[in-house]
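Below is protein23.csv, which holds CSV, C-alpha atoms.
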```csv
chain,number,residue,atom,x,y,z
A,1,MET,CA,113.0,70.2,88.2
A,2,SER,CA,112.1,67.8,85.4
A,3,TRP,CA,115.2,65.7,86.2
A,4,LEU,CA,114.1,65.6,89.8
A,5,TYR,CA,110.7,64.4,88.9
A,6,LEU,CA,112.2,61.8,86.5
A,7,ALA,CA,114.6,60.6,89.3
A,8,ILE,CA,111.7,60.2,91.7
A,9,ALA,CA,109.7,58.3,89.0
A,10,VAL,CA,112.8,56.0,88.5
A,11,VAL,CA,113.0,55.2,92.3
A,12,PHE,CA,109.4,54.1,92.3
A,13,GLU,CA,109.9,52.1,89.1
A,14,VAL,CA,112.9,50.3,90.6
A,15,ALA,CA,110.6,49.4,93.5
A,16,VAL,CA,108.0,48.2,91.0
A,17,GLY,CA,110.6,45.9,89.4
A,18,ILE,CA,111.6,44.4,92.8
A,19,PHE,CA,108.1,44.2,94.2
A,20,ALA,CA,106.7,42.6,91.1
A,21,SER,CA,109.3,39.8,91.2
A,22,LYS,CA,108.3,39.2,94.8
A,23,ALA,CA,104.6,39.2,93.9
A,24,ASN,CA,105.2,35.9,92.1
A,25,GLY,CA,103.0,36.5,89.1
A,26,PHE,CA,100.7,38.6,91.2
A,27,ARG,CA,99.6,35.7,93.3
A,28,HIS,CA,100.9,37.3,96.5
A,29,LEU,CA,98.4,40.0,97.5
A,30,GLY,CA,100.6,42.2,99.6
A,31,TRP,CA,103.4,42.5,97.1
A,32,THR,CA,100.9,43.0,94.3
A,33,ALA,CA,99.4,45.9,96.1
A,34,ALA,CA,102.9,47.4,96.7
A,35,THR,CA,103.6,46.9,93.0
A,36,LEU,CA,100.5,48.8,92.0
A,37,VAL,CA,100.9,51.6,94.5
A,38,SER,CA,104.5,52.2,93.5
A,39,GLY,CA,103.6,52.0,89.8
A,40,ALA,CA,100.9,54.6,90.3
A,41,ILE,CA,103.2,57.0,92.2
A,42,GLY,CA,106.0,56.5,89.7
A,43,THR,CA,103.5,57.1,86.8
A,44,LEU,CA,102.4,60.4,88.4
A,45,PHE,CA,106.0,61.7,88.7
A,46,LEU,CA,106.7,60.5,85.2
A,47,SER,CA,103.8,62.6,83.9
A,48,PHE,CA,105.3,65.6,85.7
A,49,ALA,CA,108.6,65.0,84.1
A,50,LEU,CA,107.0,64.6,80.6
A,51,LEU,CA,105.6,68.1,81.0
A,52,THR,CA,109.1,69.1,80.0
A,53,PHE,CA,110.7,66.1,78.3
A,54,ASP,CA,109.5,64.8,74.9
A,55,VAL,CA,107.5,61.5,75.5
A,56,GLY,CA,109.9,59.3,73.6
A,57,VAL,CA,113.0,60.8,75.3
A,58,GLY,CA,111.6,60.9,78.8
A,59,TYR,CA,110.0,57.5,78.7
A,60,ALA,CA,113.2,55.9,77.3
A,61,ILE,CA,115.4,57.5,80.0
A,62,TRP,CA,112.9,56.5,82.7
A,63,THR,CA,112.5,52.9,81.7
A,64,SER,CA,116.2,52.3,81.0
A,65,VAL,CA,117.6,54.0,84.1
A,66,SER,CA,115.0,52.1,86.1
A,67,GLY,CA,116.3,48.9,84.5
A,68,VAL,CA,119.8,49.9,85.5
A,69,GLY,CA,118.6,50.6,89.0
A,70,ILE,CA,116.9,47.2,89.4
A,71,VAL,CA,120.2,45.4,88.4
A,72,VAL,CA,122.3,47.6,90.7
A,73,VAL,CA,120.0,47.2,93.6
A,74,GLY,CA,119.9,43.4,92.9
A,75,ALA,CA,123.7,43.3,92.9
A,76,LEU,CA,124.2,45.4,96.0
A,77,PHE,CA,121.4,44.2,98.3
A,78,LEU,CA,119.8,41.0,96.9
A,79,GLY,CA,122.9,38.9,96.3
A,80,GLN,CA,122.7,38.9,92.5
A,81,ARG,CA,125.8,38.8,90.5
A,82,MET,CA,127.3,41.7,88.6
A,83,ASP,CA,129.2,40.6,85.5
A,84,TRP,CA,130.7,42.3,82.4
A,85,ARG,CA,127.6,41.8,80.3
A,86,LYS,CA,125.4,43.7,82.8
A,87,ALA,CA,128.1,46.4,83.2
A,88,LEU,CA,128.2,46.8,79.4
A,89,GLY,CA,124.4,47.4,79.4
A,90,ILE,CA,124.6,49.9,82.2
A,91,ALA,CA,127.4,51.7,80.4
A,92,ALA,CA,125.3,51.9,77.2
A,93,VAL,CA,122.3,53.3,79.1
A,94,VAL,CA,124.4,55.9,81.0
A,95,GLY,CA,126.3,56.9,77.9
A,96,GLY,CA,123.1,57.2,75.9
A,97,VAL,CA,121.5,59.4,78.6
A,98,VAL,CA,124.5,61.7,78.7
A,99,GLY,CA,124.5,61.8,74.9
A,100,LEU,CA,120.8,62.7,74.8
A,101,GLN,CA,121.4,65.5,77.3
A,102,LEU,CA,124.2,66.9,75.2
A,103,THR,CA,121.8,67.2,72.2
A,104,GLY,CA,119.7,69.4,74.5
A,105,ALA,CA,116.9,66.9,74.5
A,106,ALA,CA,116.6,67.0,78.2
B,19,MET,CA,96.3,51.7,68.5
B,20,THR,CA,96.1,51.0,64.8
B,21,ALA,CA,96.4,47.4,64.2
B,22,THR,CA,99.5,47.4,61.9
B,23,THR,CA,101.3,44.9,64.1
B,24,PRO,CA,101.9,41.6,62.5
B,25,THR,CA,99.3,39.7,64.4
B,26,ALA,CA,98.8,36.1,63.7
B,27,THR,CA,96.9,35.3,60.7
B,28,PRO,CA,94.7,32.4,61.8
B,29,THR,CA,96.8,29.4,60.9
B,30,ALA,CA,95.2,26.7,58.9
B,31,ALA,CA,93.8,24.0,61.1
B,32,ALA,CA,96.1,21.5,59.5
B,33,ALA,CA,99.2,23.5,60.5
B,34,THR,CA,101.5,23.0,63.4
B,35,ALA,CA,99.6,22.6,66.6
B,36,PRO,CA,102.8,22.7,68.8
B,37,THR,CA,104.0,26.0,67.3
B,38,GLU,CA,100.6,27.5,68.0
B,39,ARG,CA,100.9,26.5,71.6
B,40,LYS,CA,104.1,28.4,71.8
B,41,ALA,CA,102.9,31.4,69.8
B,42,GLY,CA,100.2,32.4,72.2
B,43,PRO,CA,102.4,33.8,75.0
B,44,TRP,CA,104.5,35.7,72.5
B,45,LEU,CA,101.4,37.4,71.0
B,46,VAL,CA,100.3,38.3,74.5
B,47,LEU,CA,103.8,39.7,75.1
B,48,LEU,CA,103.6,41.7,71.9
B,49,LEU,CA,100.2,43.0,73.0
B,50,ALA,CA,101.8,44.0,76.4
B,51,GLY,CA,104.4,46.0,74.5
B,52,VAL,CA,101.7,47.7,72.5
B,53,PHE,CA,99.8,48.5,75.7
B,54,GLU,CA,103.0,49.9,77.1
B,55,VAL,CA,103.3,52.3,74.2
B,56,GLY,CA,99.8,53.4,74.8
B,57,TYR,CA,100.7,53.9,78.5
B,58,ALA,CA,103.7,56.0,77.7
B,59,LEU,CA,101.8,58.2,75.2
B,60,SER,CA,98.9,58.6,77.5
B,61,VAL,CA,101.0,59.6,80.5
B,62,GLY,CA,102.7,62.1,78.3
B,63,GLY,CA,99.4,63.4,76.9
B,64,SER,CA,97.8,63.7,80.3
B,65,GLU,CA,99.8,66.9,81.0
B,66,GLY,CA,100.6,65.8,84.6
B,67,PHE,CA,97.2,64.1,84.9
B,68,THR,CA,95.3,67.3,84.4
B,69,LEU,CA,93.5,66.1,81.2
B,70,VAL,CA,90.8,63.5,82.0
B,71,GLY,CA,90.7,61.6,78.7
B,72,TRP,CA,94.5,60.9,78.5
B,73,SER,CA,94.6,60.2,82.3
B,74,VAL,CA,91.9,57.5,82.1
B,75,SER,CA,93.6,56.1,79.1
B,76,ALA,CA,96.9,56.0,81.1
B,77,VAL,CA,95.3,54.1,84.0
B,78,VAL,CA,93.6,51.6,81.6
B,79,PHE,CA,96.9,51.0,79.7
B,80,PHE,CA,98.8,50.7,82.9
B,81,LEU,CA,96.6,47.9,84.1
B,82,LEU,CA,96.4,46.2,80.7
B,83,THR,CA,100.2,46.2,80.2
B,84,LEU,CA,100.9,44.8,83.7
B,85,TYR,CA,98.2,42.1,83.3
B,86,ALA,CA,99.4,41.1,79.8
B,87,LEU,CA,103.0,41.1,80.8
B,88,SER,CA,102.3,38.9,83.9
B,89,VAL,CA,100.3,36.4,81.7
B,90,ALA,CA,103.1,36.3,79.1
B,91,LEU,CA,105.8,35.8,81.7
B,92,LYS,CA,104.1,32.7,83.0
B,93,THR,CA,105.5,30.9,80.0
B,94,ILE,CA,108.2,33.2,78.6
B,95,ASP,CA,111.5,33.5,80.3
B,96,VAL,CA,111.5,36.7,82.5
B,97,GLY,CA,114.7,38.2,81.0
B,98,ILE,CA,113.7,37.8,77.4
B,99,GLY,CA,110.1,38.8,78.2
B,100,TYR,CA,111.1,42.0,79.9
B,101,ALA,CA,113.7,42.8,77.2
B,102,VAL,CA,111.1,42.5,74.4
B,103,TRP,CA,108.4,44.4,76.3
B,104,ALA,CA,110.7,47.2,77.3
B,105,GLY,CA,112.1,47.4,73.8
B,106,ILE,CA,108.7,47.7,72.1
B,107,GLY,CA,107.6,50.2,74.7
B,108,ALA,CA,110.6,52.5,74.3
B,109,VAL,CA,110.9,52.3,70.5
B,110,GLY,CA,107.1,52.7,70.1
B,111,ALA,CA,107.0,55.8,72.3
B,112,ALA,CA,110.0,57.3,70.5
B,113,LEU,CA,108.5,56.8,67.1
B,114,LEU,CA,104.9,57.7,67.9
B,115,GLY,CA,105.6,60.7,70.2
B,116,PRO,CA,106.2,63.0,67.2
B,117,VAL,CA,103.0,61.6,65.6
B,118,PHE,CA,100.7,62.4,68.5
B,119,PHE,CA,102.5,65.5,70.0
B,120,ASP,CA,104.4,68.5,68.9
B,121,GLU,CA,107.8,66.7,69.1
B,122,THR,CA,110.7,66.2,66.7
B,123,LEU,CA,113.0,63.2,66.6
B,124,THR,CA,116.3,64.4,65.1
B,125,PRO,CA,118.7,61.8,63.7
B,126,LEU,CA,121.1,62.5,66.5
B,127,ARG,CA,118.5,62.0,69.2
B,128,ALA,CA,117.3,58.9,67.5
B,129,LEU,CA,120.9,57.6,67.6
B,130,TRP,CA,121.2,58.2,71.4
B,131,LEU,CA,117.8,56.8,72.0
B,132,ALA,CA,118.9,53.6,70.1
B,133,VAL,CA,122.0,53.4,72.3
B,134,ILE,CA,119.8,53.7,75.5
B,135,ILE,CA,117.2,51.3,74.3
B,136,GLY,CA,119.7,48.8,73.0
B,137,GLY,CA,121.5,49.1,76.4
B,138,VAL,CA,118.4,48.3,78.4
B,139,VAL,CA,117.3,45.4,76.2
B,140,TRP,CA,120.9,44.0,76.5
B,141,LEU,CA,120.7,44.5,80.2
B,142,LYS,CA,117.4,42.7,80.6
B,143,LEU,CA,118.8,39.8,78.6
B,144,ALA,CA,122.0,39.7,80.7
B,145,ASP,CA,119.9,39.7,83.8
B,146,MET,CA,118.4,36.3,83.0
B,147,PRO,CA,118.9,33.8,85.8
B,148,LYS,CA,121.1,31.1,84.5
B,149,LYS,CA,120.2,27.5,85.0
B,150,ARG,CA,123.3,25.9,86.5
B,151,HIS,CA,123.2,22.2,86.5
B,152,HIS,CA,126.6,21.5,88.1
B,153,ARG,CA,127.0,23.5,91.2
B,154,PRO,CA,130.3,22.6,93.0
B,155,GLU,CA,128.6,21.5,96.1
B,156,HIS,CA,131.2,18.9,96.7
B,157,ALA,CA,133.6,21.7,97.3
B,158,SER,CA,132.4,22.2,100.8
B,159,ASN,CA,134.9,20.8,103.4
B,160,GLY,CA,133.3,18.5,105.9
```
Target format structure tokens, applied to this file:
Amino acid sequence: MSWLYLAIAVVFEVAVGIFASKANGFRHLGWTAATLVSGAIGTLFLSFALLTFDVGVGYAIWTSVSGVGIVVVGALFLGQRMDWRKALGIAAVVGGVVGLQLTGAA
Amino acid sequence: MTATTPTATPTAAAATAPTERKAGPWLVLLLAGVFEVGYALSVGGSEGFTLVGWSVSAVVFFLLTLYALSVALKTIDVGIGYAVWAGIGAVGAALLGPVFFDETLTPLRALWLAVIIGGVVWLKLADMPKKRHHRPEHASNG
């Protein structure tokens, strides 16, 4: 269940990343509101996940996988380029999460 | 947050004015990272937002970190800014989690955390929009 909560929190954090870039330094009211609402919902689900995960572990997985999500969504839907440098970063995050899971941290 | 961060000692007035102009946004970014650590710890401490004190603290840090980050990113490049901010947040939460809560950071976990955090910092740096001065526009066939 904690992984599900974390996954939902990730989805909303990816939305935060995308909305925040559209909010243009929080000058655009609508996107700013969307950013804050998504951030609030994501935070709530993160707190549910952290009932099980250690803070350091859960937070690191959450923020990093969200970072991966933002890049992947950008490449798939927003016309941004995927290159080997981004792929390497994604591989490190995914590998690290798997490694953490193997230590029984999650 | 205990103020052990290397904040700016007030530079002598005679010192470099241009550097000071550049240092401001970086201090704000550092502050945003510290706020983000406060946010992470508060969310964890809130026990699913059932404890009032930690919950209020989480909301306050949430707004502070967003605000400080947005101010810093007005001057600092978005990719670098996010990388530094995310790095401080994740490292801080990993190191301070065991201080505030009943958690242990084993060397093996620390290693994997370092891989993850290094990965996301690298990713944010790689995600920087490149300024390309020579676009091959002449390649279009008329």
Within 12 Å of region 70-77 of chain B: each region 4-94 of chain A residue with its shortest pair, only C-alpha atoms, as JSON lines:
```
{"residue": "A:Leu36", "atom": "CA", "partner": "B:Val77", "partner_atom": "CA", "distance": 10.9}
{"residue": "A:Gly39", "atom": "CA", "partner": "B:Val77", "partner_atom": "CA", "distance": 10.3}
{"residue": "A:Ala40", "atom": "CA", "partner": "B:Val77", "partner_atom": "CA", "distance": 8.4}
{"residue": "A:Ile41", "atom": "CA", "partner": "B:Val77", "partner_atom": "CA", "distance": 11.7}
{"residue": "A:Thr43", "atom": "CA", "partner": "B:Ala76", "partner_atom": "CA", "distance": 8.8}
{"residue": "A:Leu44", "atom": "CA", "partner": "B:Ser73", "partner_atom": "CA", "distance": 9.9}
{"residue": "A:Leu46", "atom": "CA", "partner": "B:Ala76", "partner_atom": "CA", "distance": 11.5}
{"residue": "A:Ser47", "atom": "CA", "partner": "B:Ser73", "partner_atom": "CA", "distance": 9.6}
```
Task: Interatomic distance, CA of Val96 (chain B) to CA of Lys142 (chain B) (Å, one decimal) - done: 8.6 Å
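Among B:Thr93, B:Ala132, B:Gly63, B:Ala58, the residue with the shortest atom-to-atom distance to Asp120 (chain B), counting all atoms listed in the file, is B:Gly63.
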Open item on the list: If I take CA of Val97 (chain A) and CA of Asp83 (chain A), how far is one from the other in Å, to one decimal?
Closed with: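 Interatomic distance, CA of Val97 (chain A) to CA of Asp83 (chain A): 21.5 Å.
Using only C-alpha atoms, one finds that the residues of chain B close to chain A, at 7 Å or less, are Ala58, Leu59, Val61, Gly62, Glu65, Gly66, Phe67, Ser88, Ala108, Ala111, Ala112, Gly115, Glu121, Arg127, Trp130, Leu131, Val133, Ile134, Ile135, Gly137, Val138, Trp140, Leu141, Ala144 and Asp145 of chain B.
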Task: Residue neighbourhood Ala34 (chain A), 9 Å, all atoms listed in the file, exclusion window fewer than 2 positions, as JSON, numbers by chain - done: {"A": [15, 16, 19, 20, 23, 29, 30, 31, 32, 36, 37, 38, 39]}
Open item on the list: To one decimal place in Å, what is the distance between CA of Val55 (chain B) and CA of Glu13 (chain A)?
Closed with: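 It comes out at 16.3 Å.
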TODO: Quick one: residues within 8 Å of (103.8, 46.2, 73.6) (file frame), counting all atoms listed in the file, please, as a ChimeraX atom specification.
DONE: /B:47-55,83,103-104,106-107
TODO: Find, counting only C-alpha atoms, the residue in B:Val139, B:Ala41, B:Gly56, B:Thr122 that gets nearest to Ile98 (chain B).
DONE: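 Closest to Ile98 (chain B) of all the choices is B:Val139.
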Task: Top pick for closest residue to Lys92 (chain B), considering A:Leu6, A:Gly42, A:Phe77, A:Arg27 and counting all atoms listed in the file - done: A:Arg27
